[in-house]
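*Asks:* What follows is structure-v3.cif; its format and atoms are mmCIF, N, CA and C atoms.
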data_protein
#
loop_
_atom_site.label_atom_id
_atom_site.label_comp_id
_atom_site.auth_asym_id
_atom_site.auth_seq_id
_atom_site.Cartn_x
_atom_site.Cartn_y
_atom_site.Cartn_z
N MET A 2 -78.20 -57.79 84.64
CA MET A 2 -79.21 -58.61 84.02
C MET A 2 -79.68 -59.65 85.03
N THR A 3 -80.95 -59.93 84.99
CA THR A 3 -81.48 -60.96 85.89
C THR A 3 -81.26 -62.34 85.29
N PHE A 4 -81.43 -63.33 86.14
CA PHE A 4 -81.20 -64.70 85.69
C PHE A 4 -82.24 -65.11 84.64
N GLY A 5 -83.47 -64.66 84.76
CA GLY A 5 -84.51 -64.97 83.78
C GLY A 5 -84.20 -64.39 82.41
N THR A 6 -83.63 -63.19 82.39
CA THR A 6 -83.25 -62.56 81.12
C THR A 6 -82.11 -63.33 80.46
N LEU A 7 -81.16 -63.77 81.26
CA LEU A 7 -80.06 -64.56 80.70
C LEU A 7 -80.54 -65.89 80.14
N ILE A 8 -81.44 -66.53 80.84
CA ILE A 8 -81.99 -67.81 80.35
C ILE A 8 -82.76 -67.58 79.05
N SER A 9 -83.56 -66.52 78.99
CA SER A 9 -84.30 -66.27 77.75
C SER A 9 -83.39 -65.91 76.60
N LEU A 10 -82.32 -65.19 76.85
CA LEU A 10 -81.37 -64.87 75.79
C LEU A 10 -80.66 -66.13 75.29
N ALA A 11 -80.21 -66.96 76.20
CA ALA A 11 -79.52 -68.20 75.81
C ALA A 11 -80.47 -69.13 75.06
N SER A 12 -81.71 -69.23 75.50
CA SER A 12 -82.64 -70.12 74.82
C SER A 12 -83.03 -69.57 73.44
N ALA A 13 -83.10 -68.25 73.29
CA ALA A 13 -83.39 -67.67 71.97
C ALA A 13 -82.25 -67.95 71.00
N VAL A 14 -81.02 -67.81 71.46
CA VAL A 14 -79.87 -68.10 70.60
C VAL A 14 -79.83 -69.59 70.25
N TRP A 15 -80.13 -70.43 71.22
CA TRP A 15 -80.14 -71.88 70.98
C TRP A 15 -81.24 -72.25 69.99
N LEU A 16 -82.43 -71.67 70.14
CA LEU A 16 -83.53 -71.94 69.21
C LEU A 16 -83.21 -71.44 67.81
N LEU A 17 -82.52 -70.33 67.69
CA LEU A 17 -82.10 -69.82 66.38
C LEU A 17 -81.17 -70.82 65.69
N SER A 18 -80.24 -71.35 66.44
CA SER A 18 -79.30 -72.31 65.87
C SER A 18 -80.00 -73.61 65.46
N CYS A 19 -80.84 -74.12 66.34
CA CYS A 19 -81.56 -75.35 66.02
C CYS A 19 -82.55 -75.14 64.88
N GLY A 20 -83.21 -73.99 64.87
CA GLY A 20 -84.16 -73.68 63.79
C GLY A 20 -83.48 -73.58 62.44
N GLY A 21 -82.30 -72.96 62.39
CA GLY A 21 -81.55 -72.89 61.14
C GLY A 21 -81.13 -74.26 60.64
N SER A 22 -80.72 -75.12 61.56
CA SER A 22 -80.31 -76.47 61.18
C SER A 22 -81.50 -77.28 60.67
N LEU A 23 -82.62 -77.19 61.38
CA LEU A 23 -83.80 -77.95 60.96
C LEU A 23 -84.36 -77.42 59.64
N LEU A 24 -84.30 -76.12 59.42
CA LEU A 24 -84.73 -75.56 58.15
C LEU A 24 -83.83 -76.04 57.01
N ALA A 25 -82.54 -76.10 57.25
CA ALA A 25 -81.62 -76.60 56.22
C ALA A 25 -81.87 -78.09 55.94
N LEU A 26 -82.15 -78.86 56.98
CA LEU A 26 -82.47 -80.28 56.77
C LEU A 26 -83.77 -80.43 55.99
N TYR A 27 -84.75 -79.61 56.29
CA TYR A 27 -86.02 -79.66 55.55
C TYR A 27 -85.81 -79.33 54.08
N TRP A 28 -85.03 -78.27 53.82
CA TRP A 28 -84.78 -77.91 52.43
C TRP A 28 -84.00 -78.99 51.70
N ASN A 29 -83.10 -79.68 52.38
CA ASN A 29 -82.36 -80.76 51.75
C ASN A 29 -83.25 -81.94 51.41
N ILE A 30 -84.17 -82.26 52.28
CA ILE A 30 -84.99 -83.45 52.09
C ILE A 30 -86.17 -83.17 51.16
N MET A 31 -86.86 -82.07 51.38
CA MET A 31 -88.10 -81.82 50.65
C MET A 31 -87.91 -81.00 49.37
N ALA A 32 -87.12 -79.97 49.40
CA ALA A 32 -87.05 -79.06 48.26
C ALA A 32 -86.06 -79.52 47.21
N GLY A 33 -85.07 -80.29 47.59
CA GLY A 33 -84.12 -80.80 46.61
C GLY A 33 -83.12 -79.76 46.15
N ALA A 34 -82.78 -79.82 44.88
CA ALA A 34 -81.70 -79.00 44.34
C ALA A 34 -82.06 -77.52 44.23
N GLN A 35 -83.35 -77.18 44.30
CA GLN A 35 -83.73 -75.78 44.15
C GLN A 35 -83.30 -74.95 45.36
N ARG A 36 -83.19 -75.56 46.52
CA ARG A 36 -82.90 -74.82 47.75
C ARG A 36 -81.54 -75.15 48.35
N LEU A 37 -80.63 -75.68 47.58
CA LEU A 37 -79.32 -76.07 48.14
C LEU A 37 -78.52 -74.87 48.61
N ARG A 38 -78.58 -73.77 47.90
CA ARG A 38 -77.85 -72.57 48.33
C ARG A 38 -78.43 -72.02 49.63
N SER A 39 -79.74 -72.00 49.74
CA SER A 39 -80.39 -71.54 50.97
C SER A 39 -80.08 -72.48 52.13
N ALA A 40 -80.05 -73.79 51.86
CA ALA A 40 -79.73 -74.76 52.90
C ALA A 40 -78.28 -74.61 53.35
N PHE A 41 -77.39 -74.30 52.41
CA PHE A 41 -76.00 -74.08 52.76
C PHE A 41 -75.84 -72.86 53.68
N ILE A 42 -76.53 -71.77 53.33
CA ILE A 42 -76.45 -70.56 54.14
C ILE A 42 -77.05 -70.79 55.53
N ALA A 43 -78.19 -71.46 55.59
CA ALA A 43 -78.82 -71.74 56.89
C ALA A 43 -77.95 -72.66 57.74
N SER A 44 -77.29 -73.62 57.12
CA SER A 44 -76.39 -74.51 57.86
C SER A 44 -75.19 -73.76 58.42
N CYS A 45 -74.62 -72.89 57.60
CA CYS A 45 -73.46 -72.11 58.06
C CYS A 45 -73.85 -71.15 59.18
N VAL A 46 -75.02 -70.52 59.07
CA VAL A 46 -75.48 -69.63 60.14
C VAL A 46 -75.73 -70.43 61.42
N ALA A 47 -76.33 -71.61 61.29
CA ALA A 47 -76.57 -72.45 62.47
C ALA A 47 -75.26 -72.88 63.12
N LEU A 48 -74.28 -73.23 62.30
CA LEU A 48 -72.97 -73.60 62.85
C LEU A 48 -72.31 -72.42 63.56
N LEU A 49 -72.38 -71.25 62.96
CA LEU A 49 -71.78 -70.07 63.56
C LEU A 49 -72.46 -69.70 64.88
N VAL A 50 -73.77 -69.71 64.90
CA VAL A 50 -74.51 -69.39 66.11
C VAL A 50 -74.26 -70.44 67.19
N GLY A 51 -74.22 -71.71 66.81
CA GLY A 51 -73.92 -72.76 67.77
C GLY A 51 -72.53 -72.64 68.36
N TYR A 52 -71.56 -72.30 67.51
CA TYR A 52 -70.19 -72.11 67.99
C TYR A 52 -70.10 -70.92 68.93
N LEU A 53 -70.70 -69.81 68.54
CA LEU A 53 -70.67 -68.62 69.40
C LEU A 53 -71.40 -68.87 70.72
N GLY A 54 -72.48 -69.61 70.66
CA GLY A 54 -73.18 -69.96 71.89
C GLY A 54 -72.35 -70.86 72.78
N LEU A 55 -71.63 -71.78 72.17
CA LEU A 55 -70.79 -72.69 72.93
C LEU A 55 -69.60 -71.98 73.54
N SER A 56 -69.02 -71.05 72.81
CA SER A 56 -67.81 -70.39 73.30
C SER A 56 -68.09 -69.14 74.13
N ARG A 57 -69.22 -68.47 73.92
CA ARG A 57 -69.46 -67.20 74.60
C ARG A 57 -70.51 -67.24 75.71
N ILE A 58 -71.49 -68.11 75.58
CA ILE A 58 -72.58 -68.14 76.56
C ILE A 58 -72.37 -69.33 77.49
N HIS A 59 -72.12 -69.06 78.74
CA HIS A 59 -71.95 -70.11 79.75
C HIS A 59 -72.90 -69.81 80.90
N LEU A 60 -73.96 -70.53 80.96
CA LEU A 60 -74.91 -70.40 82.05
C LEU A 60 -74.95 -71.70 82.83
N SER A 61 -74.72 -71.62 84.07
CA SER A 61 -74.80 -72.78 84.94
C SER A 61 -75.70 -72.42 86.11
N ALA A 62 -76.62 -73.28 86.40
CA ALA A 62 -77.52 -73.07 87.53
C ALA A 62 -77.76 -74.39 88.20
N SER A 63 -77.86 -74.36 89.49
CA SER A 63 -78.15 -75.58 90.24
C SER A 63 -78.89 -75.20 91.51
N LYS A 64 -79.57 -76.18 92.05
CA LYS A 64 -80.26 -75.97 93.31
C LYS A 64 -79.74 -77.00 94.29
N THR A 65 -79.26 -76.53 95.39
CA THR A 65 -78.77 -77.44 96.42
C THR A 65 -79.66 -77.30 97.65
N VAL A 66 -79.96 -78.42 98.25
CA VAL A 66 -80.74 -78.47 99.48
C VAL A 66 -79.98 -79.33 100.47
N ASN A 67 -79.58 -78.74 101.57
CA ASN A 67 -78.84 -79.43 102.62
C ASN A 67 -77.55 -80.06 102.09
N GLY A 68 -76.87 -79.34 101.21
CA GLY A 68 -75.60 -79.84 100.68
C GLY A 68 -75.76 -80.88 99.58
N HIS A 69 -76.98 -81.17 99.13
CA HIS A 69 -77.25 -82.16 98.09
C HIS A 69 -77.78 -81.43 96.85
N VAL A 70 -77.16 -81.68 95.67
CA VAL A 70 -77.58 -81.02 94.43
C VAL A 70 -78.85 -81.69 93.93
N GLU A 71 -79.92 -80.89 93.81
CA GLU A 71 -81.18 -81.44 93.31
C GLU A 71 -81.25 -81.38 91.79
N TRP A 72 -80.84 -80.29 91.20
CA TRP A 72 -80.78 -80.19 89.75
C TRP A 72 -79.68 -79.22 89.36
N SER A 73 -79.20 -79.44 88.14
CA SER A 73 -78.12 -78.59 87.62
C SER A 73 -78.31 -78.44 86.12
N ILE A 74 -78.15 -77.23 85.63
CA ILE A 74 -78.27 -76.94 84.19
C ILE A 74 -76.99 -76.26 83.75
N ASN A 75 -76.42 -76.76 82.64
CA ASN A 75 -75.26 -76.14 82.03
C ASN A 75 -75.61 -75.91 80.56
N SER A 76 -75.57 -74.67 80.12
CA SER A 76 -75.97 -74.34 78.75
C SER A 76 -75.02 -74.89 77.70
N ARG A 77 -73.86 -75.29 78.09
CA ARG A 77 -72.87 -75.79 77.14
C ARG A 77 -73.37 -77.02 76.38
N TRP A 78 -74.09 -77.90 77.05
CA TRP A 78 -74.58 -79.12 76.40
C TRP A 78 -75.65 -78.81 75.36
N PHE A 79 -76.45 -77.80 75.60
CA PHE A 79 -77.45 -77.42 74.60
C PHE A 79 -76.77 -76.92 73.32
N PHE A 80 -75.78 -76.08 73.48
CA PHE A 80 -75.10 -75.53 72.30
C PHE A 80 -74.23 -76.58 71.61
N LEU A 81 -73.76 -77.55 72.33
CA LEU A 81 -73.02 -78.64 71.70
C LEU A 81 -73.96 -79.46 70.80
N GLY A 82 -75.16 -79.69 71.28
CA GLY A 82 -76.17 -80.38 70.45
C GLY A 82 -76.54 -79.58 69.22
N ALA A 83 -76.69 -78.26 69.37
CA ALA A 83 -77.00 -77.41 68.22
C ALA A 83 -75.85 -77.39 67.22
N LEU A 84 -74.63 -77.44 67.71
CA LEU A 84 -73.46 -77.47 66.84
C LEU A 84 -73.40 -78.77 66.05
N VAL A 85 -73.70 -79.87 66.69
CA VAL A 85 -73.72 -81.17 66.00
C VAL A 85 -74.83 -81.20 64.96
N LEU A 86 -75.99 -80.66 65.30
CA LEU A 86 -77.10 -80.61 64.35
C LEU A 86 -76.76 -79.73 63.15
N GLY A 87 -76.09 -78.61 63.39
CA GLY A 87 -75.66 -77.73 62.29
C GLY A 87 -74.62 -78.40 61.41
N ALA A 88 -73.70 -79.15 62.02
CA ALA A 88 -72.68 -79.85 61.22
C ALA A 88 -73.33 -80.96 60.38
N ALA A 89 -74.31 -81.64 60.94
CA ALA A 89 -75.00 -82.69 60.18
C ALA A 89 -75.77 -82.09 59.00
N SER A 90 -76.43 -80.96 59.21
CA SER A 90 -77.16 -80.34 58.11
C SER A 90 -76.21 -79.80 57.04
N LEU A 91 -75.05 -79.30 57.45
CA LEU A 91 -74.06 -78.84 56.47
C LEU A 91 -73.49 -80.01 55.68
N ALA A 92 -73.23 -81.12 56.35
CA ALA A 92 -72.72 -82.30 55.65
C ALA A 92 -73.74 -82.82 54.65
N LEU A 93 -75.01 -82.85 55.03
CA LEU A 93 -76.05 -83.30 54.10
C LEU A 93 -76.20 -82.34 52.93
N THR A 94 -76.08 -81.06 53.20
CA THR A 94 -76.15 -80.07 52.13
C THR A 94 -75.02 -80.24 51.12
N LEU A 95 -73.81 -80.38 51.63
CA LEU A 95 -72.66 -80.55 50.73
C LEU A 95 -72.75 -81.85 49.96
N TRP A 96 -73.25 -82.91 50.60
CA TRP A 96 -73.41 -84.19 49.91
C TRP A 96 -74.46 -84.08 48.79
N ASN A 97 -75.59 -83.42 49.07
CA ASN A 97 -76.62 -83.23 48.04
C ASN A 97 -76.13 -82.31 46.93
N TRP A 98 -75.35 -81.32 47.28
CA TRP A 98 -74.80 -80.40 46.28
C TRP A 98 -73.85 -81.14 45.35
N ARG A 99 -73.01 -81.99 45.90
CA ARG A 99 -72.07 -82.76 45.09
C ARG A 99 -72.82 -83.75 44.20
N LYS A 100 -73.85 -84.37 44.76
CA LYS A 100 -74.65 -85.32 43.99
C LYS A 100 -75.37 -84.62 42.84
N ALA A 101 -75.91 -83.43 43.10
CA ALA A 101 -76.61 -82.69 42.05
C ALA A 101 -75.64 -82.20 40.97
N SER A 102 -74.45 -81.77 41.37
CA SER A 102 -73.49 -81.29 40.37
C SER A 102 -72.93 -82.44 39.54
N SER A 103 -72.76 -83.60 40.13
CA SER A 103 -72.28 -84.74 39.34
C SER A 103 -73.36 -85.24 38.40
N ARG A 104 -74.62 -85.11 38.81
CA ARG A 104 -75.72 -85.50 37.94
C ARG A 104 -75.82 -84.55 36.75
N LEU A 105 -75.57 -83.26 36.97
CA LEU A 105 -75.60 -82.31 35.87
C LEU A 105 -74.42 -82.51 34.93
N ALA A 106 -73.25 -82.81 35.48
CA ALA A 106 -72.06 -82.99 34.66
C ALA A 106 -72.14 -84.27 33.84
N ALA A 107 -72.73 -85.31 34.36
CA ALA A 107 -72.77 -86.60 33.66
C ALA A 107 -74.04 -86.76 32.83
N GLY A 108 -74.92 -85.78 32.83
CA GLY A 108 -76.20 -85.90 32.13
C GLY A 108 -76.10 -86.24 30.66
N PRO A 109 -75.41 -85.49 29.81
CA PRO A 109 -75.39 -85.78 28.38
C PRO A 109 -74.60 -87.04 28.03
N LEU A 110 -73.76 -87.52 28.89
CA LEU A 110 -72.94 -88.68 28.57
C LEU A 110 -73.63 -89.99 28.87
N THR A 111 -74.80 -89.98 29.49
CA THR A 111 -75.48 -91.22 29.82
C THR A 111 -76.30 -91.70 28.63
N MET A 112 -76.85 -92.87 28.75
CA MET A 112 -77.66 -93.43 27.68
C MET A 112 -78.98 -92.68 27.52
N ALA A 113 -79.43 -92.01 28.56
CA ALA A 113 -80.67 -91.25 28.46
C ALA A 113 -80.53 -90.12 27.44
N GLY A 114 -79.36 -89.59 27.27
CA GLY A 114 -79.15 -88.50 26.34
C GLY A 114 -79.00 -88.95 24.91
N SER A 115 -78.87 -90.25 24.64
CA SER A 115 -78.65 -90.71 23.27
C SER A 115 -79.92 -91.23 22.63
N GLY A 116 -81.05 -91.10 23.29
CA GLY A 116 -82.31 -91.59 22.74
C GLY A 116 -82.99 -90.54 21.90
N ASN A 117 -84.31 -90.49 22.00
CA ASN A 117 -85.10 -89.52 21.24
C ASN A 117 -84.90 -88.13 21.82
N HIS A 118 -84.83 -87.15 20.93
CA HIS A 118 -84.74 -85.76 21.36
C HIS A 118 -86.15 -85.23 21.47
N GLY A 119 -86.44 -84.54 22.53
CA GLY A 119 -87.77 -83.99 22.72
C GLY A 119 -88.63 -84.90 23.55
N ASP A 120 -89.85 -84.46 23.78
CA ASP A 120 -90.76 -85.21 24.63
C ASP A 120 -91.75 -86.05 23.82
N GLU A 121 -91.77 -85.89 22.54
CA GLU A 121 -92.74 -86.59 21.71
C GLU A 121 -92.32 -88.04 21.52
N PRO A 122 -93.29 -88.97 21.54
CA PRO A 122 -92.93 -90.38 21.34
C PRO A 122 -92.40 -90.67 19.94
N GLY A 123 -92.82 -89.92 18.93
CA GLY A 123 -92.36 -90.17 17.57
C GLY A 123 -91.24 -89.24 17.15
N ALA A 124 -90.57 -88.61 18.09
CA ALA A 124 -89.50 -87.68 17.75
C ALA A 124 -88.34 -88.43 17.11
N PRO A 125 -87.61 -87.76 16.24
CA PRO A 125 -86.51 -88.45 15.56
C PRO A 125 -85.37 -88.78 16.50
N PRO A 126 -84.87 -90.02 16.47
CA PRO A 126 -83.71 -90.37 17.30
C PRO A 126 -82.44 -89.79 16.69
N ASN A 127 -81.69 -89.06 17.47
CA ASN A 127 -80.40 -88.51 17.08
C ASN A 127 -80.47 -87.72 15.77
N GLY A 128 -81.54 -87.01 15.57
CA GLY A 128 -81.64 -86.13 14.41
C GLY A 128 -82.06 -86.81 13.13
N GLY A 129 -82.44 -88.07 13.16
CA GLY A 129 -82.85 -88.80 11.96
C GLY A 129 -84.29 -88.50 11.60
N PRO A 130 -84.83 -89.16 10.57
CA PRO A 130 -86.23 -88.91 10.19
C PRO A 130 -87.18 -89.45 11.24
N ALA A 131 -88.29 -88.77 11.38
CA ALA A 131 -89.26 -89.16 12.38
C ALA A 131 -89.96 -90.44 11.97
N LYS A 132 -90.25 -91.30 12.95
CA LYS A 132 -90.99 -92.53 12.70
C LYS A 132 -92.46 -92.28 12.99
N PRO A 133 -93.35 -92.80 12.16
CA PRO A 133 -94.77 -92.63 12.48
C PRO A 133 -95.14 -93.51 13.67
N LEU A 134 -96.11 -93.03 14.44
CA LEU A 134 -96.58 -93.81 15.57
C LEU A 134 -97.37 -95.00 15.08
N GLY A 135 -97.42 -96.07 15.86
CA GLY A 135 -98.13 -97.28 15.47
C GLY A 135 -99.62 -97.05 15.32
N ASN A 136 -100.21 -96.17 16.08
CA ASN A 136 -101.64 -95.93 16.02
C ASN A 136 -101.99 -94.66 15.25
N SER A 137 -101.08 -94.16 14.48
CA SER A 137 -101.32 -92.88 13.79
C SER A 137 -102.07 -93.06 12.47
N GLY A 138 -102.21 -94.27 11.98
CA GLY A 138 -102.87 -94.48 10.71
C GLY A 138 -101.97 -94.33 9.52
N ALA A 139 -100.73 -93.95 9.73
CA ALA A 139 -99.78 -93.80 8.63
C ALA A 139 -99.28 -95.19 8.21
N VAL A 140 -99.15 -95.37 6.91
CA VAL A 140 -98.69 -96.65 6.39
C VAL A 140 -97.21 -96.54 6.09
N GLU A 141 -96.46 -97.55 6.50
CA GLU A 141 -95.04 -97.54 6.22
C GLU A 141 -94.84 -97.88 4.76
N GLY A 142 -93.90 -97.30 4.16
CA GLY A 142 -93.57 -97.59 2.77
C GLY A 142 -94.04 -96.47 1.84
N PRO A 143 -93.88 -96.67 0.53
CA PRO A 143 -94.27 -95.62 -0.40
C PRO A 143 -95.78 -95.47 -0.47
N PRO A 144 -96.23 -94.28 -0.77
CA PRO A 144 -97.70 -94.08 -0.88
C PRO A 144 -98.24 -94.81 -2.11
N SER A 145 -99.44 -95.29 -1.99
CA SER A 145 -100.05 -95.99 -3.14
C SER A 145 -100.81 -94.98 -3.98
N VAL A 146 -100.78 -95.23 -5.30
CA VAL A 146 -101.48 -94.35 -6.22
C VAL A 146 -102.58 -95.15 -6.86
N SER A 147 -103.80 -94.65 -6.79
CA SER A 147 -104.92 -95.40 -7.37
C SER A 147 -105.46 -94.72 -8.59
#
Could you rewrite the structure in this file as structure tokens?

*Replies:*
Amino acid sequence: MTFGTLISLASAVWLLSCGGSLLALYWNIMAGAQRLRSAFIASCVALLVGYLGLSRIHLSASKTVNGHVEWSINSRWFFLGALVLGAASLALTLWNWRKASSRLAAGPLTMAGSGNHGDEPGAPPNGGPAKPLGNSGAVEGPPSVS
């Protein structure tokens, strides 16, 4: 394999890992609880690819002129960054997942669950008789007979 092919392979693997992490972060921030499972899978894939890149792909290149190193590239630092980004997206995913599950578990026990049932403003509270709305024209009390 030529050096250009190795660089393109390493950069494609690195971009895959970073892309999975950024996609998981996007789903955590923008999509909310609907995409938590997808964000979890993307985070785990990014972590796995970052780990494999860190442990399996080692590319080092440098240019020396007259015994002086002008530049040096080590692929290990790129994959370490991708691994940290994948771990951060996984931590955010697990934190959002825990927050969403605790919100679902505590939902009926809060004060919001003890008010009116339904979306209507005049809905009966806790199964009692419905109250007429203030602007409905209904008169409180017994009907009058004329």

*Asks:* Using the chain letters and numbering of this document, enumerate as a PyMOL selection string the residues selected by the PyMOL selection byres (((chain A and resi 26-40 and name CA) around 8) and name CA).

*Replies:* chain A and resi 22-25+41-44+90-91+93-94+97-98+101

*Asks:* For atom CA of A:Gly82 and atom CA of A:Gly51, quote the distance in Å rounded to one decimal.

*Replies:* 8.4 Å

*Asks:* Interatomic distance between atom C of A:Ala62 and atom CA of A:Ala88?

*Replies:*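 We find that atom C of A:Ala62 and atom CA of A:Ala88 lie 28.0 Å from each other.
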
*Asks:* Show me, as number ranges by chain, the residues that have an atom within 6 Å of A:Ile74 when counting all atoms listed in the file, minus same-chain residues fewer than 6 positions from it.

*Replies:* A: 60-63

*Asks:* Could you work out how far atom N of A:Gly87 lies from atom N of A:Gly20, giving the answer in Å with one decimal?

*Replies:*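 Atom N of A:Gly87 lies at a distance of 8.6 Å from atom N of A:Gly20.
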
*Asks:* With distances taken over only C-alpha atoms, which of A:Ile8, A:Val146, A:Met2, A:Leu81 is nearest to A:Tyr52?

*Replies:*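 Of the candidates, the smallest distance to A:Tyr52 is held by A:Leu81.
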
*Asks:* Using only C-alpha atoms, determine which residues lie at most 7 Å from A:Ala83, disregarding the query and same-chain residues fewer than 2 positions distant; provide the list as a list in words.

*Replies:* Trp15, Ser18, Cys19, Gly51, Phe79, Phe80, Leu81, Val85, Leu86 and Gly87 of chain A

*Asks:* Could you pull out all residues of stretch 34-65 of chain A with a DSSP call of strand (DSSP E) and give them as a PyMOL selection string?

*Replies:* chain A and resi 61-65
